[in-house]
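Some notes on the structure that comes next.
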Amino acid sequence: FGIIGVCVAALLWRLAAPKTPFHVYITVWLSWSFALALVALVPLDLNLVYLERCLDHFGNNTRASAIACPLEHWRFSPPPPPPHPHPPQPPQTPQPPLPPQPGEDVDDEDAREPPSHEDDLLVVQQWKDLLHGLWLTVYAVTMAHGWVILNFQSAFNESRQFTVFKRFQQCFRDNVILVCIASACNIIALAVIIVLNLDLYYIIYGMMAVTNAICLVVVAFLVGFGCAVVP
C-alpha cells in the first residue's frame, strides 16, 4: 500500500496543473490509491483461499502440503527446527563424513520435519484476519470518500456564495436530501435483517460482492459509450 501511495503521489505531482488546490490533490490521491488498493488485495485474498483449501485437502500429510502449499513467503520468520534427539556432545576433531547407515538419524535441512498442520493453519488464519481488516478499511474509506467527501467538495466548489460559511451551508443543503435517503434505506435494511434474524455477516459481504459487480458493469457500459463522466 505504501508503494501504491507513493506512485500515485508521484503521478499527481507530474500531471497536476501548477495552481491546483491542495484539497484536490488529497481527494484525487485518496480516490486513486484506494481504488488500486482494491486491485492489490484481490490476488492476496485468492492466494490465501487457495492455501487454506490446499492445507485442508492434505490434512496432516505435512510433507505433501509443504510442497503443494508453500507458505514461506507468508511467514514472518522461518519455523524453528525440531529439537535434536541426542544431547550435545563436546567438540571433537573433525572427521571426514561417512555415509549414513540404515536407521541412522541424519541432521541436515532435508531431514527436518516441516511445520505441523496446525502451525500452517495458524499462519493462514493470521493473514486472513489482517486481510479482513484491510478490506473493511478500504471499503469504509472509499464509501465515505465517494458518498460524503466528494459530494460536499463538488457542491462547495460550485457554490456561488461569497463567504466560506455560506458556501458550507449551501453544500450541506444540496447534499442533505441524498444523505437522508441513503441513511433511511440503511436503517430500514438493518431493521429487516434484525427482525428476520438473518446472518448479518453473510448479508453485508454478499451486498459488497453485488455492488462490486454492478459498479464494474455500469462503469464498463458508460465508458463504452463515452459517458464516464456521468457517475
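Convention: chains lettered A, B, ... in C-alpha cells order; per-chain residue numbering from 1; ligands numbered from 1 as shown.
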
Find the spatial neighbours of Leu38 (chain A), counting only C-alpha atoms, within a cut-off of 10 Å - ignore same-chain residues fewer than 2 positions away - and output them as a PDB file with all heavy atoms, in the first residue's frame.
```pdb
ATOM      1  N   SER A  33      -5.534   5.910  -4.934  1.00  0.00           N
ATOM      2  CA  SER A  33      -4.792   4.979  -4.079  1.00  0.00           C
ATOM      3  C   SER A  33      -5.685   3.843  -3.591  1.00  0.00           C
ATOM      4  O   SER A  33      -5.306   2.667  -3.647  1.00  0.00           O
ATOM      5  CB  SER A  33      -4.185   5.720  -2.881  1.00  0.00           C
ATOM      6  OG  SER A  33      -3.259   6.691  -3.299  1.00  0.00           O
ATOM      7  N   PHE A  34      -6.879   4.165  -3.116  1.00  0.00           N
ATOM      8  CA  PHE A  34      -7.739   3.115  -2.578  1.00  0.00           C
ATOM      9  C   PHE A  34      -8.386   2.290  -3.685  1.00  0.00           C
ATOM     10  O   PHE A  34      -8.710   1.124  -3.469  1.00  0.00           O
ATOM     11  CB  PHE A  34      -8.799   3.722  -1.659  1.00  0.00           C
ATOM     12  CG  PHE A  34      -8.266   4.031  -0.295  1.00  0.00           C
ATOM     13  CD1 PHE A  34      -7.672   5.249  -0.025  1.00  0.00           C
ATOM     14  CD2 PHE A  34      -8.339   3.097   0.718  1.00  0.00           C
ATOM     15  CE1 PHE A  34      -7.155   5.528   1.232  1.00  0.00           C
ATOM     16  CE2 PHE A  34      -7.832   3.372   1.976  1.00  0.00           C
ATOM     17  CZ  PHE A  34      -7.236   4.591   2.234  1.00  0.00           C
ATOM     18  N   ALA A  35      -8.583   2.872  -4.870  1.00  0.00           N
ATOM     19  CA  ALA A  35      -9.060   2.065  -5.992  1.00  0.00           C
ATOM     20  C   ALA A  35      -8.013   1.033  -6.395  1.00  0.00           C
ATOM     21  O   ALA A  35      -8.328  -0.142  -6.643  1.00  0.00           O
ATOM     22  CB  ALA A  35      -9.408   2.965  -7.172  1.00  0.00           C
ATOM     23  N   LEU A  36      -6.742   1.446  -6.444  1.00  0.00           N
ATOM     24  CA  LEU A  36      -5.676   0.491  -6.756  1.00  0.00           C
ATOM     25  C   LEU A  36      -5.441  -0.479  -5.605  1.00  0.00           C
ATOM     26  O   LEU A  36      -5.006  -1.617  -5.832  1.00  0.00           O
ATOM     27  CB  LEU A  36      -4.386   1.254  -7.080  1.00  0.00           C
ATOM     28  CG  LEU A  36      -4.415   2.088  -8.364  1.00  0.00           C
ATOM     29  CD1 LEU A  36      -3.128   2.887  -8.506  1.00  0.00           C
ATOM     30  CD2 LEU A  36      -4.621   1.197  -9.580  1.00  0.00           C
ATOM     31  N   ALA A  40      -4.995  -4.552  -5.585  1.00  0.00           N
ATOM     32  CA  ALA A  40      -3.851  -5.219  -4.970  1.00  0.00           C
ATOM     33  C   ALA A  40      -4.274  -6.282  -3.964  1.00  0.00           C
ATOM     34  O   ALA A  40      -3.557  -7.273  -3.759  1.00  0.00           O
ATOM     35  CB  ALA A  40      -2.947  -4.181  -4.285  1.00  0.00           C
ATOM     36  N   LEU A  41      -5.432  -6.108  -3.327  1.00  0.00           N
ATOM     37  CA  LEU A  41      -5.877  -7.067  -2.321  1.00  0.00           C
ATOM     38  C   LEU A  41      -6.435  -8.352  -2.934  1.00  0.00           C
ATOM     39  O   LEU A  41      -6.414  -9.400  -2.285  1.00  0.00           O
ATOM     40  CB  LEU A  41      -6.949  -6.431  -1.431  1.00  0.00           C
ATOM     41  CG  LEU A  41      -6.472  -5.387  -0.424  1.00  0.00           C
ATOM     42  CD1 LEU A  41      -7.673  -4.780   0.287  1.00  0.00           C
ATOM     43  CD2 LEU A  41      -5.508  -5.992   0.575  1.00  0.00           C
ATOM     44  N   VAL A  42      -6.932  -8.283  -4.154  1.00  0.00           N
ATOM     45  CA  VAL A  42      -7.583  -9.453  -4.763  1.00  0.00           C
ATOM     46  C   VAL A  42      -6.635 -10.644  -4.904  1.00  0.00           C
ATOM     47  O   VAL A  42      -6.968 -11.761  -4.468  1.00  0.00           O
ATOM     48  CB  VAL A  42      -8.219  -9.073  -6.107  1.00  0.00           C
ATOM     49  CG1 VAL A  42      -8.687 -10.307  -6.857  1.00  0.00           C
ATOM     50  CG2 VAL A  42      -9.384  -8.128  -5.891  1.00  0.00           C
ATOM     51  N   PRO A  43      -5.434 -10.495  -5.509  1.00  0.00           N
ATOM     52  CA  PRO A  43      -4.564 -11.686  -5.621  1.00  0.00           C
ATOM     53  C   PRO A  43      -4.111 -12.229  -4.271  1.00  0.00           C
ATOM     54  O   PRO A  43      -3.942 -13.445  -4.116  1.00  0.00           O
ATOM     55  CB  PRO A  43      -3.374 -11.178  -6.457  1.00  0.00           C
ATOM     56  CG  PRO A  43      -3.412  -9.702  -6.334  1.00  0.00           C
ATOM     57  CD  PRO A  43      -4.837  -9.327  -6.172  1.00  0.00           C
ATOM     58  N   LEU A 134      -8.003  -5.045   6.397  1.00  0.00           N
ATOM     59  CA  LEU A 134      -7.658  -4.186   5.260  1.00  0.00           C
ATOM     60  C   LEU A 134      -8.848  -4.005   4.321  1.00  0.00           C
ATOM     61  O   LEU A 134      -9.099  -2.892   3.826  1.00  0.00           O
ATOM     62  CB  LEU A 134      -6.466  -4.781   4.503  1.00  0.00           C
ATOM     63  CG  LEU A 134      -5.122  -4.769   5.240  1.00  0.00           C
ATOM     64  CD1 LEU A 134      -4.060  -5.466   4.408  1.00  0.00           C
ATOM     65  CD2 LEU A 134      -4.688  -3.344   5.551  1.00  0.00           C
ATOM     66  N   TRP A 135      -9.594  -5.080   4.067  1.00  0.00           N
ATOM     67  CA  TRP A 135     -10.775  -4.967   3.213  1.00  0.00           C
ATOM     68  C   TRP A 135     -11.779  -3.979   3.811  1.00  0.00           C
ATOM     69  O   TRP A 135     -12.313  -3.110   3.104  1.00  0.00           O
ATOM     70  CB  TRP A 135     -11.440  -6.332   3.049  1.00  0.00           C
ATOM     71  CG  TRP A 135     -10.897  -7.192   1.940  1.00  0.00           C
ATOM     72  CD1 TRP A 135     -10.290  -8.405   2.069  1.00  0.00           C
ATOM     73  CD2 TRP A 135     -10.932  -6.927   0.535  1.00  0.00           C
ATOM     74  NE1 TRP A 135      -9.929  -8.900   0.842  1.00  0.00           N
ATOM     75  CE2 TRP A 135     -10.319  -8.017  -0.118  1.00  0.00           C
ATOM     76  CE3 TRP A 135     -11.407  -5.870  -0.230  1.00  0.00           C
ATOM     77  CZ2 TRP A 135     -10.177  -8.075  -1.508  1.00  0.00           C
ATOM     78  CZ3 TRP A 135     -11.266  -5.940  -1.614  1.00  0.00           C
ATOM     79  CH2 TRP A 135     -10.667  -7.028  -2.226  1.00  0.00           C
ATOM     80  N   VAL A 138     -10.463  -0.338   3.517  1.00  0.00           N
ATOM     81  CA  VAL A 138     -10.540   0.196   2.157  1.00  0.00           C
ATOM     82  C   VAL A 138     -11.985   0.503   1.783  1.00  0.00           C
ATOM     83  O   VAL A 138     -12.298   1.563   1.210  1.00  0.00           O
ATOM     84  CB  VAL A 138      -9.911  -0.806   1.169  1.00  0.00           C
ATOM     85  CG1 VAL A 138     -10.201  -0.396  -0.271  1.00  0.00           C
ATOM     86  CG2 VAL A 138      -8.405  -0.880   1.381  1.00  0.00           C
ATOM     87  N   TYR A 139     -12.910  -0.400   2.116  1.00  0.00           N
ATOM     88  CA  TYR A 139     -14.314  -0.167   1.777  1.00  0.00           C
ATOM     89  C   TYR A 139     -14.883   1.021   2.553  1.00  0.00           C
ATOM     90  O   TYR A 139     -15.627   1.837   1.999  1.00  0.00           O
ATOM     91  CB  TYR A 139     -15.140  -1.423   2.056  1.00  0.00           C
ATOM     92  CG  TYR A 139     -15.316  -2.293   0.845  1.00  0.00           C
ATOM     93  CD1 TYR A 139     -14.526  -3.413   0.658  1.00  0.00           C
ATOM     94  CD2 TYR A 139     -16.259  -1.988  -0.129  1.00  0.00           C
ATOM     95  CE1 TYR A 139     -14.676  -4.216  -0.459  1.00  0.00           C
ATOM     96  CE2 TYR A 139     -16.419  -2.791  -1.243  1.00  0.00           C
ATOM     97  CZ  TYR A 139     -15.625  -3.899  -1.411  1.00  0.00           C
ATOM     98  OH  TYR A 139     -15.768  -4.686  -2.512  1.00  0.00           O
ATOM     99  N   THR A 142     -13.428   4.284   1.012  1.00  0.00           N
ATOM    100  CA  THR A 142     -13.971   4.574  -0.315  1.00  0.00           C
ATOM    101  C   THR A 142     -15.442   4.972  -0.246  1.00  0.00           C
ATOM    102  O   THR A 142     -15.883   5.866  -0.986  1.00  0.00           O
ATOM    103  CB  THR A 142     -13.808   3.355  -1.242  1.00  0.00           C
ATOM    104  OG1 THR A 142     -14.323   2.180  -0.587  1.00  0.00           O
ATOM    105  CG2 THR A 142     -12.352   3.123  -1.581  1.00  0.00           C
TER     106      THR A 142
END
```

What lies within 12 Å of Thr62 (chain A) using only C-alpha atoms, ignoring chain neighbours under 2 positions off, as a PyMOL selection string? chain A and resi 54-60+64-71+112-121

Let's have the selection written as a compact mmCIF listing (two decimals), in the first residue's frame, with N, CA, C and O atoms.
```
# COMPACT_ATOMS: atom_id res chain seq x y z
N CYS A 54 -5.91 -25.93 0.16
CA CYS A 54 -4.84 -26.90 -0.09
C CYS A 54 -4.45 -27.59 1.21
O CYS A 54 -4.27 -28.82 1.25
N LEU A 55 -4.31 -26.83 2.30
CA LEU A 55 -3.97 -27.43 3.59
C LEU A 55 -5.07 -28.36 4.08
O LEU A 55 -4.80 -29.42 4.65
N ASP A 56 -6.33 -27.97 3.88
CA ASP A 56 -7.43 -28.84 4.28
C ASP A 56 -7.44 -30.13 3.46
O ASP A 56 -7.81 -31.20 3.97
N HIS A 57 -7.03 -30.03 2.20
CA HIS A 57 -7.04 -31.22 1.34
C HIS A 57 -5.99 -32.24 1.79
O HIS A 57 -6.28 -33.45 1.86
N PHE A 58 -4.77 -31.77 2.12
CA PHE A 58 -3.70 -32.69 2.51
C PHE A 58 -3.75 -33.07 3.98
O PHE A 58 -3.16 -34.08 4.37
N GLY A 59 -4.43 -32.26 4.82
CA GLY A 59 -4.57 -32.62 6.22
C GLY A 59 -3.24 -32.70 6.93
O GLY A 59 -2.42 -31.79 6.87
N ASN A 60 -3.01 -33.79 7.64
CA ASN A 60 -1.79 -33.97 8.43
C ASN A 60 -0.60 -34.48 7.62
O ASN A 60 0.45 -34.75 8.19
N ALA A 64 3.67 -33.50 2.04
CA ALA A 64 2.99 -33.22 0.77
C ALA A 64 2.44 -31.80 0.74
O ALA A 64 2.53 -31.10 -0.28
N SER A 65 1.89 -31.33 1.88
CA SER A 65 1.36 -29.96 1.91
C SER A 65 2.47 -28.92 1.82
O SER A 65 2.26 -27.83 1.28
N ALA A 66 3.68 -29.23 2.34
CA ALA A 66 4.79 -28.29 2.23
C ALA A 66 5.21 -28.09 0.78
O ALA A 66 5.70 -27.01 0.41
N ILE A 67 5.02 -29.11 -0.05
CA ILE A 67 5.36 -28.99 -1.47
C ILE A 67 4.23 -28.31 -2.26
O ILE A 67 4.48 -27.41 -3.07
N ALA A 68 3.00 -28.74 -2.02
CA ALA A 68 1.87 -28.22 -2.79
C ALA A 68 1.34 -26.90 -2.26
O ALA A 68 0.73 -26.13 -3.01
N CYS A 69 1.55 -26.61 -0.97
CA CYS A 69 1.00 -25.39 -0.35
C CYS A 69 2.14 -24.60 0.30
O CYS A 69 2.24 -24.55 1.53
N PRO A 70 3.02 -23.98 -0.48
CA PRO A 70 4.17 -23.27 0.10
C PRO A 70 3.72 -22.05 0.89
O PRO A 70 2.93 -21.23 0.42
N LEU A 71 4.25 -21.93 2.10
CA LEU A 71 3.90 -20.81 2.98
C LEU A 71 5.11 -19.97 3.36
O LEU A 71 5.01 -19.14 4.27
N ARG A 112 14.79 -32.30 8.42
CA ARG A 112 13.93 -31.60 9.36
C ARG A 112 12.47 -31.78 8.98
O ARG A 112 12.10 -31.69 7.82
N GLU A 113 11.66 -31.97 10.00
CA GLU A 113 10.24 -32.13 9.76
C GLU A 113 9.64 -30.77 9.40
O GLU A 113 9.98 -29.75 10.00
N PRO A 114 8.75 -30.72 8.42
CA PRO A 114 8.08 -29.45 8.11
C PRO A 114 7.15 -29.05 9.24
O PRO A 114 6.83 -29.85 10.12
N PRO A 115 6.71 -27.79 9.25
CA PRO A 115 5.78 -27.35 10.30
C PRO A 115 4.51 -28.19 10.31
O PRO A 115 4.10 -28.74 9.29
N SER A 116 3.90 -28.27 11.46
CA SER A 116 2.69 -29.08 11.60
C SER A 116 1.52 -28.44 10.87
O SER A 116 1.54 -27.26 10.49
N HIS A 117 0.47 -29.25 10.69
CA HIS A 117 -0.73 -28.77 10.02
C HIS A 117 -1.37 -27.62 10.79
O HIS A 117 -1.85 -26.64 10.19
N GLU A 118 -1.36 -27.69 12.11
CA GLU A 118 -1.94 -26.62 12.93
C GLU A 118 -1.15 -25.32 12.80
O GLU A 118 -1.73 -24.23 12.76
N ASP A 119 0.19 -25.42 12.72
CA ASP A 119 1.00 -24.22 12.54
C ASP A 119 0.72 -23.55 11.20
O ASP A 119 0.62 -22.31 11.11
N ASP A 120 0.58 -24.34 10.16
CA ASP A 120 0.27 -23.77 8.84
C ASP A 120 -1.09 -23.09 8.84
O ASP A 120 -1.25 -21.98 8.30
N LEU A 121 -2.09 -23.74 9.44
CA LEU A 121 -3.42 -23.12 9.50
C LEU A 121 -3.41 -21.84 10.32
O LEU A 121 -4.12 -20.88 10.01
```

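Distances to Glu52 (chain A) were evaluated for A:Thr211, A:Gln126, A:Ser159, A:Gln170 using only C-alpha atoms, and the minimum falls at A:Gln126.
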
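For the choices A:Thr163, A:Asn61, A:Ser154, A:Asn47, the atom-to-atom distance to Val24 (chain A) is smallest for A:Ser154 when using only C-alpha atoms.
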
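Minimum distance to Asn175 (chain A) across A:Ile214, A:Tyr201, A:Trp147, A:Gly133 (counting only C-alpha atoms) occurs at A:Trp147.
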
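Picture a line from CA of Trp13 (chain A) to CA of Phe1 (chain A); it runs 18.3 Å.
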
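With only C-alpha atoms as the basis for measurement, A:Ile4 is the residue among A:Gln153, A:Leu46, A:Ala144, A:Ile4 that approaches Trp29 (chain A) most closely.
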
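The coordinates place CA of Thr137 (chain A) at 23.4 Å from CA of Ala10 (chain A).
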